[in-house]
Amino acid sequence: MEKAYKLEFANEQVQGLVLSCCGCSRTEPLHSFGPALKPHFLIHYVISGRGRFSVGGQEYGLEAGSGFLIEPGELVFYEADAKEPWTYVWVGFGGSQAGEYVRKMGLSGTHPVFYSNRQEELYHCVRNMMEHNTSGVANDLRRNGELAIFLSLIASEVPVKERNDADKDNSYVTKAVGFIRDNYCNPIRVTDVAEFVCVNRSYLYVLFEQSLGMSPQNFMTACRITRAAELLQTTDIPIESIALSCGYNDALVFTKAFKKTKGISPSGYRKECKRGGRHNKEQLVQIEDFIREIRERQI
């Protein structure tokens, strides 16, 4: 279990650098996520406590002041410490320039961990994102501006490492993941992905299982259902339209796939999200009180 306050934004913009989600969490001992993947870039920054993060067969111990990057399509696992569970903020983002900025910051799947002593500034960036949580050009610009500041604060303290061959491992999977992320809204099939990458379907399956621990079909479904969940939470778009927006021509097939993944129907998920809004804000108050206590002890 964890006390968490999170926001997700229905961004249709794909150019530049765009905020997808943000939040803060105070976790219980041994609270964990995964093994699972995310459809966008995600950065966690630890405010207090300890935990561990695993990706690509490597495990990292993290404490206050540390942070870690999750790249789209990476299979990751992270867990809070049993005695000193962590409190962290997180920011999810995408856009056509997201990958380039991350690389220039010196972060990647093989160099995912960083340290920053600018805790207060990073926290306030996320807090400002959450305060400007409604739709409209003014708030959209403010959130994305805070995202740029958040990344710049990290970049100012991360030593840039040169990319090596390890960062380019499995280029077929990387190319396939990019194609799926860009086209999951269309009714593409695994054969379309394999043709784009120029390998046969069976070989693509082997590569995905080795690299991500799942089949190309399951990865594609995860991308579609994750996006559908975001739209259900942040918009009032009809479920039939969400199905089409996520690559499902048949709303019934979409409903079955969503329920199989989430354990609840799309309409049920939307109702749960609306009921949870008030509880979500109550969690934020508790988290902020806890963070305030930490700061007072540090003075």
# chains A, B, ... in the order shown; residues from 1 in each chain; ligands from 1
>>> residues_around(residues="Glu63 of chain A", least_positions_apart="3", cutoff="6 Å", atoms="only C-alpha atoms", output="number ranges by chain")
A: 49-50, 66
>>> select_by_dssp(residues="segment 21-111 of chain A", states="strand (DSSP E or B)", output="ChimeraX atom specification")
/A:21-27,32-36,41-48,50-55,58-63,66-70,76-80,85,87-94
>>> residues_around(residues="segment 240-248 of chain A", least_positions_apart="6", cutoff="12 Å", atoms="only C-alpha atoms", output="PDB file with C-alpha atoms, in the first residue's frame")
ATOM      1  CA  ALA A  10      -4.610  13.556 -21.790  1.00  0.00           C
ATOM      2  CA  GLU A  12      -2.524  14.644 -27.753  1.00  0.00           C
ATOM      3  CA  ILE A 180       4.369   0.462 -31.472  1.00  0.00           C
ATOM      4  CA  ARG A 181       4.373   3.611 -29.326  1.00  0.00           C
ATOM      5  CA  ASP A 182       3.841   5.774 -32.416  1.00  0.00           C
ATOM      6  CA  ASN A 183       1.162   3.577 -33.992  1.00  0.00           C
ATOM      7  CA  TYR A 184      -0.736   1.724 -31.233  1.00  0.00           C
ATOM      8  CA  CYS A 185      -3.674   4.068 -31.921  1.00  0.00           C
ATOM      9  CA  ASN A 186      -4.038   2.338 -35.293  1.00  0.00           C
ATOM     10  CA  PRO A 187      -5.172  -1.286 -35.723  1.00  0.00           C
ATOM     11  CA  ILE A 188      -1.624  -2.527 -36.324  1.00  0.00           C
ATOM     12  CA  ARG A 189      -0.660  -6.174 -35.848  1.00  0.00           C
ATOM     13  CA  MET A 220       1.225  -3.703 -27.727  1.00  0.00           C
ATOM     14  CA  THR A 221      -1.775  -4.493 -25.532  1.00  0.00           C
ATOM     15  CA  ALA A 222      -0.060  -2.918 -22.510  1.00  0.00           C
ATOM     16  CA  CYS A 223       0.518   0.310 -24.447  1.00  0.00           C
ATOM     17  CA  ARG A 224      -3.081   0.434 -25.627  1.00  0.00           C
ATOM     18  CA  ILE A 225      -4.663  -0.344 -22.269  1.00  0.00           C
ATOM     19  CA  THR A 226      -2.373   2.094 -20.433  1.00  0.00           C
ATOM     20  CA  ARG A 227      -3.373   4.867 -22.813  1.00  0.00           C
ATOM     21  CA  ALA A 228      -7.033   3.878 -22.532  1.00  0.00           C
ATOM     22  CA  ALA A 229      -6.812   4.086 -18.740  1.00  0.00           C
ATOM     23  CA  GLU A 230      -5.355   7.601 -19.012  1.00  0.00           C
ATOM     24  CA  LEU A 231      -8.209   8.713 -21.275  1.00  0.00           C
ATOM     25  CA  LEU A 232     -10.828   7.153 -19.003  1.00  0.00           C
ATOM     26  CA  GLN A 233      -9.370   8.969 -16.025  1.00  0.00           C
ATOM     27  CA  THR A 234      -8.793  12.375 -17.580  1.00  0.00           C
ATOM     28  CA  PHE A 254     -11.549  -3.516 -26.224  1.00  0.00           C
ATOM     29  CA  THR A 255     -13.737  -4.044 -23.154  1.00  0.00           C
ATOM     30  CA  LYS A 256     -12.627  -7.677 -22.859  1.00  0.00           C
ATOM     31  CA  ALA A 257      -8.944  -6.726 -23.223  1.00  0.00           C
ATOM     32  CA  PHE A 258      -9.280  -3.902 -20.677  1.00  0.00           C
ATOM     33  CA  PRO A 266     -13.735   0.472 -18.722  1.00  0.00           C
ATOM     34  CA  SER A 267     -16.947   2.021 -17.366  1.00  0.00           C
ATOM     35  CA  ARG A 270     -13.941   5.447 -14.920  1.00  0.00           C
TER      36      ARG A 270
END
>>> select_by_dssp(residues="segment 60-197 of chain A", states="helix (DSSP H, G or I)", output="JSON, numbers by chain")
{"A": [98, 99, 100, 101, 102, 103, 104, 119, 120, 121, 122, 123, 124, 125, 126, 127, 128, 129, 130, 131, 137, 138, 139, 140, 141, 142, 143, 144, 145, 146, 147, 148, 149, 150, 151, 152, 153, 154, 155, 165, 166, 167, 168, 171, 172, 173, 174, 175, 176, 177, 178, 179, 180, 181, 182, 183, 190, 191, 192, 193, 194, 195, 196, 197]}
>>> decode(residues="segment 254-267 of chain A", atoms="C-alpha atoms", output="compact mmCIF listing (two decimals), in the first residue's frame")
# COMPACT_ATOMS: atom_id res chain seq x y z
CA PHE A 254 -11.55 -3.52 -26.22
CA THR A 255 -13.74 -4.04 -23.15
CA LYS A 256 -12.63 -7.68 -22.86
CA ALA A 257 -8.94 -6.73 -23.22
CA PHE A 258 -9.28 -3.90 -20.68
CA LYS A 259 -11.03 -6.09 -18.12
CA LYS A 260 -8.48 -8.88 -18.58
CA THR A 261 -5.63 -6.42 -17.91
CA LYS A 262 -7.18 -4.21 -15.22
CA GLY A 263 -9.64 -6.63 -13.64
CA ILE A 264 -12.48 -4.15 -14.15
CA SER A 265 -14.54 -2.91 -17.10
CA PRO A 266 -13.74 0.47 -18.72
CA SER A 267 -16.95 2.02 -17.37
